[in-house]
Amino acid sequence: MADGDRIVIVGAGVAGLRAAERLREQNFDGEIVLIGDEARRPYHRPMVSKALVMGTERPSDVGLSHYLPDLDVHWRLGARVTHLDTTERVVHLPGGESLWYDGLIAATGVYPRHLPGSPRHDPRVRILRTVEDSMAVRRCLNASKKPAVVIGAGLIGNEFAASMRHIGRDVTLVGHAKAPLHRFGDRVSSGIVEAHHEHRAKLAMKSEVRHWISTKDTVGLHLTNNQLLVASVVVLAIGSVPSVDWMRGSGLDISDGVLCDAKLFAEGASDVVIAGDIARWPNLRFDETPRRVEHWINAVESARHAADNLLMGQSSAKPFTPLPRAWSTLYDTRLQMCGMPSLAEDTVTLADGITGFIRDGRLVGISAWDKPRAMLDWMAELDRRLPAPDFVPEPEPAPAPVSEVPEVPVVEPSLAALAADVPTEFESGFDAQAFEREFESEFANNIPTTAFAAQSLPVVPAGVTTAFPAQSPPTMAIPMGR
C-alpha cells in the first residue's frame, strides 16, 4: 500500500478499530473507510454479558472512545456491506452504492447461532451480542420477577448466569453437555459447577428444550429431562457462526469463516486480509491446518498483524503465529486458557487447578481455574515448547550433508517433572511482567460477580498428576468468546 491509496475496513468492532489504529501507527497516510453494521462506534463487547446486562454500567460507559479521536477515519456506521467484488476491488452497500478499495481488511466477526424451534418472534427470547441486545434483556428482567434462563453452557452462558446471581435473580443454565465448559478439562468444569451451586444458580445439564410455551407474561420451556421452566427472559448462547454472507460470490472460500494463508491474506486475493473471528488460517506454531479462533485478544492481535501485512504486501508479509489465550471471571474466580485445547487427545493435571492438553505427547494447551499467577509461568513454558517458527522471506539454502552436520538430539523434560517442581522463571526470553500487563489491559472488564460468600473449595493434594480422557473437540474453531 502507498500513500494516497484507500483501505476499506469492513467491521467496526475491536478488530476493525485496532486495524485502523495500526495503519496510522505505521504512517499510512491514505484514506481509511471503516464500515460497521451497528450504529454505534466500537465498544467493549465482553461487557454485554456482564456489566450491561446487570445494569452496573450504561451504554455510554462501554465505548472505546479513548482510541478514536486521532485516527482520521471515515466512519460508515449503520451500513451493512451486501457484496464483495474482488476482481473490480469494490464493496457494495445498500441503495446501489459501491466503494472501491486498494486494500481491504475484513473483520466482521460472528453472530450468535440460532436455536431451531425457538420462538425468536417472542421479544423475551433474546441473544447477547450488541448493546441493544443487552438493553432488551434488561427490559425483560424489569418487566417480570420470574427467573431467567440461558441455553448454552459455554463462556457467555456461564457469564450470564453468574451476572444474574450477582443482581439476585434466579437463573437456570440449560446445556446438552455433561458439564459447563467441559472441553477445558475436569478441573475447570467441576470448579464452575461448584461455584454455581455455592451461589445458587441452577443447572440443567444433558438437557435440551422439547417444547416452548409462550404466554402473556412468561415463556415456558419443557426440557427433555421433563423439567418445566418458567422464565421472564430466555437467552440463547449456543455458539456462533461467522458473519461472511456478504462475501458470497466473491470467489473466496467462506465455508467456515474465510480461508487464509499463514499471513492472513485471503486465499485468492492478494489485496484482502482477514482479521478476528472470521479468519481461518494455519497457525504454524501448531501445524498447517487452517482454524478459526474466537476471543478478544486474537481479534486485537490479528487485526494489527493483518494491517502490517497489507502495508508490506504479500511477498514481504510475515506469518501470524500467536499463542492463543483468553480469560474470564466467574463469581470472582479467574478462568484462563492458552494454546489450543481443542487439538488435544488427552489431558493431564500439571498442578493444582491447572490442566494440560496433550497431542502426540506434546503440550498444546493449558487451562486454569483460580490460579492466575501460576498460569503465567505455565504460559511461559507453553510459549517455550511451542515456539513460533523462524520467518525466512527467501528460500532457505540447501542443507549441508548429514555427515557434515551431526544431529544433536534435544530431550525435553517430562511434564510430570515440570508439574512436580514448577520453576518461578524460565530461560525462554518470555517477559512475564509485560505479558501480565498486556493480559490485564486487553480485558478491562473484570467485573465482580459475587452474590453470596463463596465456600472454600476442596484442596487437591500437592503433586497429584492424575490423567483423564480428554473431551472430543467440538469444532475446528476455539469458541472462547473472549
# chains A, B, ... in the order shown; residues from 1 in each chain; ligands from 1
>>> select_by_dssp(residues="range 177-413 of chain A", states="strand (DSSP E or B)", output="PDB file with N, CA, C and O atoms, in the first residue's frame")
ATOM      1  N   LYS A 202     -29.023 -22.523  39.177  1.00  0.00           N
ATOM      2  CA  LYS A 202     -29.473 -23.874  38.873  1.00  0.00           C
ATOM      3  C   LYS A 202     -28.903 -24.337  37.533  1.00  0.00           C
ATOM      4  O   LYS A 202     -28.768 -23.548  36.600  1.00  0.00           O
ATOM      5  N   LEU A 203     -28.595 -25.630  37.462  1.00  0.00           N
ATOM      6  CA  LEU A 203     -28.064 -26.232  36.243  1.00  0.00           C
ATOM      7  C   LEU A 203     -29.004 -27.326  35.758  1.00  0.00           C
ATOM      8  O   LEU A 203     -29.518 -28.115  36.555  1.00  0.00           O
ATOM      9  N   ALA A 204     -29.240 -27.360  34.473  1.00  0.00           N
ATOM     10  CA  ALA A 204     -29.997 -28.435  33.831  1.00  0.00           C
ATOM     11  C   ALA A 204     -29.142 -28.962  32.688  1.00  0.00           C
ATOM     12  O   ALA A 204     -29.326 -28.606  31.522  1.00  0.00           O
ATOM     13  N   MET A 205     -28.169 -29.818  33.039  1.00  0.00           N
ATOM     14  CA  MET A 205     -27.232 -30.335  32.052  1.00  0.00           C
ATOM     15  C   MET A 205     -27.771 -31.610  31.410  1.00  0.00           C
ATOM     16  O   MET A 205     -28.697 -32.244  31.920  1.00  0.00           O
ATOM     17  N   VAL A 209     -34.363 -28.286  24.963  1.00  0.00           N
ATOM     18  CA  VAL A 209     -35.750 -27.845  25.015  1.00  0.00           C
ATOM     19  C   VAL A 209     -36.596 -28.744  24.121  1.00  0.00           C
ATOM     20  O   VAL A 209     -36.325 -28.882  22.929  1.00  0.00           O
ATOM     21  N   ARG A 210     -37.622 -29.347  24.720  1.00  0.00           N
ATOM     22  CA  ARG A 210     -38.537 -30.194  23.950  1.00  0.00           C
ATOM     23  C   ARG A 210     -39.696 -29.371  23.389  1.00  0.00           C
ATOM     24  O   ARG A 210     -40.077 -29.526  22.236  1.00  0.00           O
ATOM     25  N   HIS A 211     -40.262 -28.479  24.217  1.00  0.00           N
ATOM     26  CA  HIS A 211     -41.379 -27.643  23.785  1.00  0.00           C
ATOM     27  C   HIS A 211     -41.211 -26.237  24.351  1.00  0.00           C
ATOM     28  O   HIS A 211     -40.683 -26.054  25.447  1.00  0.00           O
ATOM     29  N   TRP A 212     -41.684 -25.243  23.578  1.00  0.00           N
ATOM     30  CA  TRP A 212     -41.744 -23.853  24.027  1.00  0.00           C
ATOM     31  C   TRP A 212     -43.211 -23.485  24.259  1.00  0.00           C
ATOM     32  O   TRP A 212     -44.082 -23.888  23.486  1.00  0.00           O
ATOM     33  N   ILE A 213     -43.439 -22.700  25.302  1.00  0.00           N
ATOM     34  CA  ILE A 213     -44.794 -22.254  25.618  1.00  0.00           C
ATOM     35  C   ILE A 213     -44.747 -20.750  25.875  1.00  0.00           C
ATOM     36  O   ILE A 213     -44.152 -20.299  26.863  1.00  0.00           O
ATOM     37  N   SER A 214     -45.331 -19.963  25.000  1.00  0.00           N
ATOM     38  CA  SER A 214     -45.358 -18.511  25.170  1.00  0.00           C
ATOM     39  C   SER A 214     -46.702 -18.094  25.731  1.00  0.00           C
ATOM     40  O   SER A 214     -47.757 -18.443  25.174  1.00  0.00           O
ATOM     41  N   VAL A 219     -42.367 -17.036  29.458  1.00  0.00           N
ATOM     42  CA  VAL A 219     -42.014 -18.047  28.467  1.00  0.00           C
ATOM     43  C   VAL A 219     -41.803 -19.359  29.220  1.00  0.00           C
ATOM     44  O   VAL A 219     -41.072 -19.396  30.225  1.00  0.00           O
ATOM     45  N   GLY A 220     -42.432 -20.426  28.755  1.00  0.00           N
ATOM     46  CA  GLY A 220     -42.254 -21.729  29.368  1.00  0.00           C
ATOM     47  C   GLY A 220     -41.377 -22.617  28.506  1.00  0.00           C
ATOM     48  O   GLY A 220     -41.419 -22.542  27.273  1.00  0.00           O
ATOM     49  N   LEU A 221     -40.563 -23.453  29.154  1.00  0.00           N
ATOM     50  CA  LEU A 221     -39.684 -24.379  28.452  1.00  0.00           C
ATOM     51  C   LEU A 221     -39.855 -25.761  29.069  1.00  0.00           C
ATOM     52  O   LEU A 221     -39.629 -25.944  30.277  1.00  0.00           O
ATOM     53  N   HIS A 222     -40.260 -26.710  28.257  1.00  0.00           N
ATOM     54  CA  HIS A 222     -40.357 -28.099  28.690  1.00  0.00           C
ATOM     55  C   HIS A 222     -39.099 -28.805  28.206  1.00  0.00           C
ATOM     56  O   HIS A 222     -38.865 -28.917  26.997  1.00  0.00           O
ATOM     57  N   LEU A 223     -38.246 -29.256  29.138  1.00  0.00           N
ATOM     58  CA  LEU A 223     -36.954 -29.835  28.795  1.00  0.00           C
ATOM     59  C   LEU A 223     -37.064 -31.341  28.574  1.00  0.00           C
ATOM     60  O   LEU A 223     -38.032 -31.983  28.995  1.00  0.00           O
ATOM     61  N   LEU A 228     -39.941 -28.433  33.829  1.00  0.00           N
ATOM     62  CA  LEU A 228     -40.650 -27.296  33.246  1.00  0.00           C
ATOM     63  C   LEU A 228     -40.105 -26.011  33.860  1.00  0.00           C
ATOM     64  O   LEU A 228     -40.112 -25.838  35.087  1.00  0.00           O
ATOM     65  N   LEU A 229     -39.613 -25.119  33.019  1.00  0.00           N
ATOM     66  CA  LEU A 229     -39.070 -23.841  33.469  1.00  0.00           C
ATOM     67  C   LEU A 229     -39.995 -22.716  33.026  1.00  0.00           C
ATOM     68  O   LEU A 229     -40.506 -22.726  31.902  1.00  0.00           O
ATOM     69  N   VAL A 230     -40.200 -21.750  33.898  1.00  0.00           N
ATOM     70  CA  VAL A 230     -40.980 -20.551  33.577  1.00  0.00           C
ATOM     71  C   VAL A 230     -40.050 -19.364  33.711  1.00  0.00           C
ATOM     72  O   VAL A 230     -39.439 -19.164  34.769  1.00  0.00           O
ATOM     73  N   ALA A 231     -39.922 -18.563  32.668  1.00  0.00           N
ATOM     74  CA  ALA A 231     -38.881 -17.537  32.627  1.00  0.00           C
ATOM     75  C   ALA A 231     -39.428 -16.180  32.224  1.00  0.00           C
ATOM     76  O   ALA A 231     -40.390 -16.078  31.450  1.00  0.00           O
ATOM     77  N   VAL A 233     -37.149 -14.110  30.831  1.00  0.00           N
ATOM     78  CA  VAL A 233     -36.352 -13.929  29.622  1.00  0.00           C
ATOM     79  C   VAL A 233     -35.538 -15.185  29.397  1.00  0.00           C
ATOM     80  O   VAL A 233     -35.110 -15.842  30.358  1.00  0.00           O
ATOM     81  N   VAL A 234     -35.354 -15.550  28.129  1.00  0.00           N
ATOM     82  CA  VAL A 234     -34.524 -16.692  27.758  1.00  0.00           C
ATOM     83  C   VAL A 234     -33.426 -16.188  26.833  1.00  0.00           C
ATOM     84  O   VAL A 234     -33.707 -15.570  25.800  1.00  0.00           O
ATOM     85  N   VAL A 235     -32.183 -16.420  27.212  1.00  0.00           N
ATOM     86  CA  VAL A 235     -31.032 -16.000  26.411  1.00  0.00           C
ATOM     87  C   VAL A 235     -30.469 -17.213  25.687  1.00  0.00           C
ATOM     88  O   VAL A 235     -30.202 -18.256  26.302  1.00  0.00           O
ATOM     89  N   LEU A 236     -30.301 -17.103  24.384  1.00  0.00           N
ATOM     90  CA  LEU A 236     -29.723 -18.169  23.563  1.00  0.00           C
ATOM     91  C   LEU A 236     -28.226 -17.922  23.432  1.00  0.00           C
ATOM     92  O   LEU A 236     -27.804 -16.887  22.907  1.00  0.00           O
ATOM     93  N   SER A 240     -21.745 -19.679  17.771  1.00  0.00           N
ATOM     94  CA  SER A 240     -21.775 -18.572  16.812  1.00  0.00           C
ATOM     95  C   SER A 240     -21.476 -19.065  15.409  1.00  0.00           C
ATOM     96  O   SER A 240     -20.974 -20.176  15.212  1.00  0.00           O
ATOM     97  N   VAL A 241     -21.788 -18.228  14.430  1.00  0.00           N
ATOM     98  CA  VAL A 241     -21.484 -18.503  13.027  1.00  0.00           C
ATOM     99  C   VAL A 241     -20.772 -17.282  12.445  1.00  0.00           C
ATOM    100  O   VAL A 241     -21.082 -16.147  12.803  1.00  0.00           O
ATOM    101  N   PRO A 242     -19.787 -17.492  11.584  1.00  0.00           N
ATOM    102  CA  PRO A 242     -19.057 -16.353  11.016  1.00  0.00           C
ATOM    103  C   PRO A 242     -19.958 -15.459  10.162  1.00  0.00           C
ATOM    104  O   PRO A 242     -20.816 -15.939   9.425  1.00  0.00           O
ATOM    105  N   SER A 255     -16.408 -21.317   3.605  1.00  0.00           N
ATOM    106  CA  SER A 255     -17.090 -22.486   4.148  1.00  0.00           C
ATOM    107  C   SER A 255     -17.081 -22.509   5.676  1.00  0.00           C
ATOM    108  O   SER A 255     -17.985 -23.065   6.300  1.00  0.00           O
ATOM    109  N   GLY A 257     -15.802 -19.375   8.081  1.00  0.00           N
ATOM    110  CA  GLY A 257     -15.024 -18.153   8.091  1.00  0.00           C
ATOM    111  C   GLY A 257     -14.432 -17.936   6.717  1.00  0.00           C
ATOM    112  O   GLY A 257     -14.984 -18.358   5.700  1.00  0.00           O
ATOM    113  N   VAL A 258     -13.273 -17.297   6.659  1.00  0.00           N
ATOM    114  CA  VAL A 258     -12.598 -17.032   5.381  1.00  0.00           C
ATOM    115  C   VAL A 258     -11.249 -17.734   5.395  1.00  0.00           C
ATOM    116  O   VAL A 258     -10.429 -17.508   6.295  1.00  0.00           O
ATOM    117  N   LEU A 259     -11.033 -18.603   4.413  1.00  0.00           N
ATOM    118  CA  LEU A 259      -9.765 -19.327   4.328  1.00  0.00           C
ATOM    119  C   LEU A 259      -8.638 -18.367   3.983  1.00  0.00           C
ATOM    120  O   LEU A 259      -8.721 -17.618   3.005  1.00  0.00           O
ATOM    121  N   CYS A 260      -7.578 -18.402   4.792  1.00  0.00           N
ATOM    122  CA  CYS A 260      -6.429 -17.505   4.606  1.00  0.00           C
ATOM    123  C   CYS A 260      -5.146 -18.328   4.544  1.00  0.00           C
ATOM    124  O   CYS A 260      -5.105 -19.483   4.961  1.00  0.00           O
ATOM    125  N   PHE A 265      -3.685 -13.338   4.504  1.00  0.00           N
ATOM    126  CA  PHE A 265      -4.235 -12.936   3.215  1.00  0.00           C
ATOM    127  C   PHE A 265      -5.281 -13.962   2.796  1.00  0.00           C
ATOM    128  O   PHE A 265      -5.042 -15.177   2.876  1.00  0.00           O
ATOM    129  N   ALA A 266      -6.438 -13.483   2.354  1.00  0.00           N
ATOM    130  CA  ALA A 266      -7.472 -14.389   1.875  1.00  0.00           C
ATOM    131  C   ALA A 266      -6.950 -15.166   0.677  1.00  0.00           C
ATOM    132  O   ALA A 266      -6.333 -14.578  -0.229  1.00  0.00           O
ATOM    133  N   VAL A 272      -6.569  -8.530  -0.008  1.00  0.00           N
ATOM    134  CA  VAL A 272      -7.589  -8.701   1.030  1.00  0.00           C
ATOM    135  C   VAL A 272      -6.977  -9.475   2.193  1.00  0.00           C
ATOM    136  O   VAL A 272      -6.479 -10.591   1.999  1.00  0.00           O
ATOM    137  N   VAL A 273      -6.993  -8.881   3.373  1.00  0.00           N
ATOM    138  CA  VAL A 273      -6.544  -9.572   4.576  1.00  0.00           C
ATOM    139  C   VAL A 273      -7.734  -9.738   5.522  1.00  0.00           C
ATOM    140  O   VAL A 273      -8.692  -8.966   5.478  1.00  0.00           O
ATOM    141  N   ILE A 274      -7.661 -10.744   6.382  1.00  0.00           N
ATOM    142  CA  ILE A 274      -8.777 -11.106   7.257  1.00  0.00           C
ATOM    143  C   ILE A 274      -8.310 -11.031   8.709  1.00  0.00           C
ATOM    144  O   ILE A 274      -7.192 -11.446   9.034  1.00  0.00           O
ATOM    145  N   ALA A 279     -11.302 -15.172  10.542  1.00  0.00           N
ATOM    146  CA  ALA A 279     -10.077 -15.628   9.885  1.00  0.00           C
ATOM    147  C   ALA A 279      -9.851 -17.111  10.173  1.00  0.00           C
ATOM    148  O   ALA A 279      -9.809 -17.536  11.322  1.00  0.00           O
ATOM    149  N   ARG A 280      -9.702 -17.915   9.116  1.00  0.00           N
ATOM    150  CA  ARG A 280      -9.359 -19.337   9.244  1.00  0.00           C
ATOM    151  C   ARG A 280      -7.998 -19.529   8.596  1.00  0.00           C
ATOM    152  O   ARG A 280      -7.872 -19.568   7.382  1.00  0.00           O
ATOM    153  N   TRP A 281      -6.986 -19.611   9.425  1.00  0.00           N
ATOM    154  CA  TRP A 281      -5.616 -19.604   8.934  1.00  0.00           C
ATOM    155  C   TRP A 281      -4.790 -20.669   9.656  1.00  0.00           C
ATOM    156  O   TRP A 281      -5.158 -21.100  10.761  1.00  0.00           O
ATOM    157  N   PRO A 282      -3.663 -21.119   9.065  1.00  0.00           N
ATOM    158  CA  PRO A 282      -2.803 -22.092   9.738  1.00  0.00           C
ATOM    159  C   PRO A 282      -1.849 -21.397  10.699  1.00  0.00           C
ATOM    160  O   PRO A 282      -0.991 -20.614  10.280  1.00  0.00           O
ATOM    161  N   PRO A 290      -5.704 -24.928   8.675  1.00  0.00           N
ATOM    162  CA  PRO A 290      -6.376 -23.651   8.967  1.00  0.00           C
ATOM    163  C   PRO A 290      -7.487 -23.833   9.992  1.00  0.00           C
ATOM    164  O   PRO A 290      -8.290 -24.771   9.897  1.00  0.00           O
ATOM    165  N   ARG A 291      -7.550 -22.939  10.978  1.00  0.00           N
ATOM    166  CA  ARG A 291      -8.583 -22.972  12.010  1.00  0.00           C
ATOM    167  C   ARG A 291      -8.952 -21.547  12.383  1.00  0.00           C
ATOM    168  O   ARG A 291      -8.166 -20.623  12.227  1.00  0.00           O
ATOM    169  N   VAL A 293     -10.147 -18.911  15.526  1.00  0.00           N
ATOM    170  CA  VAL A 293     -10.006 -18.701  16.962  1.00  0.00           C
ATOM    171  C   VAL A 293     -10.886 -17.521  17.337  1.00  0.00           C
ATOM    172  O   VAL A 293     -10.747 -16.436  16.762  1.00  0.00           O
ATOM    173  N   ARG A 325      -4.818 -17.094  23.759  1.00  0.00           N
ATOM    174  CA  ARG A 325      -5.055 -17.016  25.190  1.00  0.00           C
ATOM    175  C   ARG A 325      -6.314 -16.203  25.444  1.00  0.00           C
ATOM    176  O   ARG A 325      -6.664 -15.321  24.663  1.00  0.00           O
ATOM    177  N   ALA A 326      -6.977 -16.514  26.533  1.00  0.00           N
ATOM    178  CA  ALA A 326      -8.219 -15.835  26.876  1.00  0.00           C
ATOM    179  C   ALA A 326      -8.483 -16.032  28.355  1.00  0.00           C
ATOM    180  O   ALA A 326      -7.931 -16.949  28.978  1.00  0.00           O
ATOM    181  N   TRP A 327      -9.346 -15.166  28.918  1.00  0.00           N
ATOM    182  CA  TRP A 327      -9.733 -15.351  30.318  1.00  0.00           C
ATOM    183  C   TRP A 327     -11.091 -14.722  30.577  1.00  0.00           C
ATOM    184  O   TRP A 327     -11.582 -13.904  29.808  1.00  0.00           O
ATOM    185  N   SER A 328     -11.688 -15.142  31.672  1.00  0.00           N
ATOM    186  CA  SER A 328     -12.913 -14.534  32.141  1.00  0.00           C
ATOM    187  C   SER A 328     -12.954 -14.672  33.658  1.00  0.00           C
ATOM    188  O   SER A 328     -12.122 -15.370  34.253  1.00  0.00           O
ATOM    189  N   THR A 329     -13.911 -13.982  34.277  1.00  0.00           N
ATOM    190  CA  THR A 329     -14.094 -14.059  35.728  1.00  0.00           C
ATOM    191  C   THR A 329     -15.515 -14.485  36.026  1.00  0.00           C
ATOM    192  O   THR A 329     -16.468 -13.885  35.534  1.00  0.00           O
ATOM    193  N   LEU A 330     -15.655 -15.550  36.806  1.00  0.00           N
ATOM    194  CA  LEU A 330     -16.958 -16.062  37.207  1.00  0.00           C
ATOM    195  C   LEU A 330     -16.991 -16.128  38.733  1.00  0.00           C
ATOM    196  O   LEU A 330     -16.173 -16.819  39.346  1.00  0.00           O
ATOM    197  N   THR A 333     -13.798 -15.661  40.490  1.00  0.00           N
ATOM    198  CA  THR A 333     -12.781 -16.674  40.248  1.00  0.00           C
ATOM    199  C   THR A 333     -12.330 -16.591  38.805  1.00  0.00           C
ATOM    200  O   THR A 333     -13.151 -16.491  37.889  1.00  0.00           O
ATOM    201  N   ARG A 334     -11.017 -16.627  38.599  1.00  0.00           N
ATOM    202  CA  ARG A 334     -10.458 -16.438  37.262  1.00  0.00           C
ATOM    203  C   ARG A 334     -10.378 -17.754  36.501  1.00  0.00           C
ATOM    204  O   ARG A 334      -9.833 -18.740  36.991  1.00  0.00           O
ATOM    205  N   LEU A 335     -10.918 -17.764  35.304  1.00  0.00           N
ATOM    206  CA  LEU A 335     -10.787 -18.859  34.344  1.00  0.00           C
ATOM    207  C   LEU A 335      -9.845 -18.394  33.247  1.00  0.00           C
ATOM    208  O   LEU A 335     -10.051 -17.337  32.651  1.00  0.00           O
ATOM    209  N   GLN A 336      -8.816 -19.195  32.955  1.00  0.00           N
ATOM    210  CA  GLN A 336      -7.828 -18.818  31.939  1.00  0.00           C
ATOM    211  C   GLN A 336      -7.571 -19.989  30.999  1.00  0.00           C
ATOM    212  O   GLN A 336      -7.694 -21.156  31.379  1.00  0.00           O
ATOM    213  N   MET A 337      -7.186 -19.649  29.769  1.00  0.00           N
ATOM    214  CA  MET A 337      -6.874 -20.639  28.761  1.00  0.00           C
ATOM    215  C   MET A 337      -5.769 -20.096  27.877  1.00  0.00           C
ATOM    216  O   MET A 337      -5.710 -18.896  27.603  1.00  0.00           O
ATOM    217  N   CYS A 338      -4.866 -20.969  27.466  1.00  0.00           N
ATOM    218  CA  CYS A 338      -3.906 -20.595  26.427  1.00  0.00           C
ATOM    219  C   CYS A 338      -3.606 -21.825  25.578  1.00  0.00           C
ATOM    220  O   CYS A 338      -3.854 -22.963  25.982  1.00  0.00           O
ATOM    221  N   GLY A 339      -3.097 -21.565  24.369  1.00  0.00           N
ATOM    222  CA  GLY A 339      -2.854 -22.648  23.433  1.00  0.00           C
ATOM    223  C   GLY A 339      -4.122 -23.064  22.719  1.00  0.00           C
ATOM    224  O   GLY A 339      -5.047 -22.267  22.545  1.00  0.00           O
ATOM    225  N   ASP A 346      -5.535 -36.034  24.918  1.00  0.00           N
ATOM    226  CA  ASP A 346      -5.555 -36.447  26.312  1.00  0.00           C
ATOM    227  C   ASP A 346      -5.276 -35.222  27.175  1.00  0.00           C
ATOM    228  O   ASP A 346      -4.870 -34.168  26.665  1.00  0.00           O
ATOM    229  N   THR A 347      -5.518 -35.368  28.465  1.00  0.00           N
ATOM    230  CA  THR A 347      -5.249 -34.289  29.406  1.00  0.00           C
ATOM    231  C   THR A 347      -4.459 -34.819  30.584  1.00  0.00           C
ATOM    232  O   THR A 347      -4.443 -36.023  30.854  1.00  0.00           O
ATOM    233  N   VAL A 348      -3.789 -33.911  31.278  1.00  0.00           N
ATOM    234  CA  VAL A 348      -3.009 -34.276  32.447  1.00  0.00           C
ATOM    235  C   VAL A 348      -3.070 -33.120  33.435  1.00  0.00           C
ATOM    236  O   VAL A 348      -3.134 -31.959  33.025  1.00  0.00           O
ATOM    237  N   THR A 349      -3.081 -33.441  34.722  1.00  0.00           N
ATOM    238  CA  THR A 349      -3.038 -32.402  35.741  1.00  0.00           C
ATOM    239  C   THR A 349      -1.601 -31.942  35.900  1.00  0.00           C
ATOM    240  O   THR A 349      -0.722 -32.723  36.302  1.00  0.00           O
ATOM    241  N   LEU A 350      -1.335 -30.685  35.576  1.00  0.00           N
ATOM    242  CA  LEU A 350       0.012 -30.133  35.688  1.00  0.00           C
ATOM    243  C   LEU A 350       0.295 -29.643  37.100  1.00  0.00           C
ATOM    244  O   LEU A 350       1.423 -29.723  37.588  1.00  0.00           O
ATOM    245  N   ALA A 351      -0.703 -29.077  37.758  1.00  0.00           N
ATOM    246  CA  ALA A 351      -0.580 -28.572  39.118  1.00  0.00           C
ATOM    247  C   ALA A 351      -1.993 -28.372  39.635  1.00  0.00           C
ATOM    248  O   ALA A 351      -2.967 -28.524  38.884  1.00  0.00           O
ATOM    249  N   ILE A 354      -4.630 -26.563  37.453  1.00  0.00           N
ATOM    250  CA  ILE A 354      -4.083 -26.328  36.109  1.00  0.00           C
ATOM    251  C   ILE A 354      -4.058 -27.642  35.332  1.00  0.00           C
ATOM    252  O   ILE A 354      -3.477 -28.632  35.779  1.00  0.00           O
ATOM    253  N   THR A 355      -4.686 -27.634  34.173  1.00  0.00           N
ATOM    254  CA  THR A 355      -4.794 -28.814  33.322  1.00  0.00           C
ATOM    255  C   THR A 355      -4.002 -28.604  32.044  1.00  0.00           C
ATOM    256  O   THR A 355      -4.093 -27.546  31.407  1.00  0.00           O
ATOM    257  N   GLY A 356      -3.227 -29.606  31.659  1.00  0.00           N
ATOM    258  CA  GLY A 356      -2.509 -29.582  30.393  1.00  0.00           C
ATOM    259  C   GLY A 356      -3.220 -30.432  29.359  1.00  0.00           C
ATOM    260  O   GLY A 356      -3.828 -31.456  29.689  1.00  0.00           O
ATOM    261  N   PHE A 357      -3.147 -30.009  28.099  1.00  0.00           N
ATOM    262  CA  PHE A 357      -3.794 -30.718  26.991  1.00  0.00           C
ATOM    263  C   PHE A 357      -2.696 -31.235  26.066  1.00  0.00           C
ATOM    264  O   PHE A 357      -1.838 -30.461  25.621  1.00  0.00           O
ATOM    265  N   ILE A 358      -2.752 -32.544  25.783  1.00  0.00           N
ATOM    266  CA  ILE A 358      -1.650 -33.226  25.129  1.00  0.00           C
ATOM    267  C   ILE A 358      -2.081 -33.748  23.765  1.00  0.00           C
ATOM    268  O   ILE A 358      -3.165 -34.318  23.617  1.00  0.00           O
ATOM    269  N   ARG A 359      -1.227 -33.536  22.751  1.00  0.00           N
ATOM    270  CA  ARG A 359      -1.401 -34.150  21.430  1.00  0.00           C
ATOM    271  C   ARG A 359      -0.072 -34.718  20.980  1.00  0.00           C
ATOM    272  O   ARG A 359       0.939 -34.007  20.961  1.00  0.00           O
ATOM    273  N   ARG A 362       2.849 -34.021  23.099  1.00  0.00           N
ATOM    274  CA  ARG A 362       3.291 -32.631  23.267  1.00  0.00           C
ATOM    275  C   ARG A 362       2.202 -31.815  23.950  1.00  0.00           C
ATOM    276  O   ARG A 362       1.003 -32.025  23.734  1.00  0.00           O
ATOM    277  N   LEU A 363       2.627 -30.859  24.729  1.00  0.00           N
ATOM    278  CA  LEU A 363       1.709 -29.933  25.381  1.00  0.00           C
ATOM    279  C   LEU A 363       1.240 -28.906  24.355  1.00  0.00           C
ATOM    280  O   LEU A 363       2.046 -28.181  23.770  1.00  0.00           O
ATOM    281  N   VAL A 364      -0.093 -28.845  24.109  1.00  0.00           N
ATOM    282  CA  VAL A 364      -0.622 -27.908  23.116  1.00  0.00           C
ATOM    283  C   VAL A 364      -1.584 -26.886  23.710  1.00  0.00           C
ATOM    284  O   VAL A 364      -1.996 -25.948  23.028  1.00  0.00           O
ATOM    285  N   GLY A 365      -1.954 -27.064  24.980  1.00  0.00           N
ATOM    286  CA  GLY A 365      -2.875 -26.112  25.595  1.00  0.00           C
ATOM    287  C   GLY A 365      -2.879 -26.265  27.103  1.00  0.00           C
ATOM    288  O   GLY A 365      -2.459 -27.293  27.649  1.00  0.00           O
ATOM    289  N   ILE A 366      -3.349 -25.219  27.776  1.00  0.00           N
ATOM    290  CA  ILE A 366      -3.419 -25.206  29.237  1.00  0.00           C
ATOM    291  C   ILE A 366      -4.688 -24.472  29.633  1.00  0.00           C
ATOM    292  O   ILE A 366      -5.054 -23.459  29.023  1.00  0.00           O
ATOM    293  N   SER A 367      -5.361 -24.961  30.651  1.00  0.00           N
ATOM    294  CA  SER A 367      -6.464 -24.220  31.252  1.00  0.00           C
ATOM    295  C   SER A 367      -6.231 -24.142  32.753  1.00  0.00           C
ATOM    296  O   SER A 367      -5.573 -25.008  33.338  1.00  0.00           O
ATOM    297  N   ALA A 368      -6.769 -23.089  33.374  1.00  0.00           N
ATOM    298  CA  ALA A 368      -6.563 -22.898  34.808  1.00  0.00           C
ATOM    299  C   ALA A 368      -7.838 -22.374  35.441  1.00  0.00           C
ATOM    300  O   ALA A 368      -8.555 -21.555  34.865  1.00  0.00           O
ATOM    301  N   TRP A 369      -8.095 -22.846  36.649  1.00  0.00           N
ATOM    302  CA  TRP A 369      -9.221 -22.382  37.444  1.00  0.00           C
ATOM    303  C   TRP A 369      -8.682 -21.825  38.752  1.00  0.00           C
ATOM    304  O   TRP A 369      -8.105 -22.548  39.554  1.00  0.00           O
TER     305      TRP A 369
END
>>> residues_around(residues="Ala262 in chain A", least_positions_apart="6", cutoff="9 Å", atoms="only C-alpha atoms", output="list in words")
Trp281, Pro282, Asn283, Leu284, Glu288, Pro290, Lys318, Pro319, Phe320 and Thr321 of chain A
>>> atom_distance(atom1="CA of His196 in chain A", atom2="CA of Lys146 in chain A")
18.8 Å
>>> residues_around(residues="Pro180 in chain A", least_positions_apart="2", cutoff="6 Å", atoms="only C-alpha atoms", output="list in words")
Ala153, His182 and Ser189 of chain A
>>> write_last_selection(atoms="N, CA, C and O atoms", output="CSV table (one decimal), in the first residue's frame")
chain,number,residue,atom,x,y,z
A,153,ALA,N,-24.0,-23.8,27.6
A,153,ALA,CA,-23.1,-23.9,28.7
A,153,ALA,C,-21.7,-23.5,28.4
A,153,ALA,O,-20.7,-24.0,29.0
A,182,HIS,N,-16.9,-28.2,29.7
A,182,HIS,CA,-16.2,-29.4,29.9
A,182,HIS,C,-15.0,-29.6,29.0
A,182,HIS,O,-14.1,-30.4,29.3
A,189,SER,N,-14.4,-27.5,34.7
A,189,SER,CA,-15.8,-27.8,34.7
A,189,SER,C,-16.3,-28.0,36.1
A,189,SER,O,-17.4,-27.5,36.5
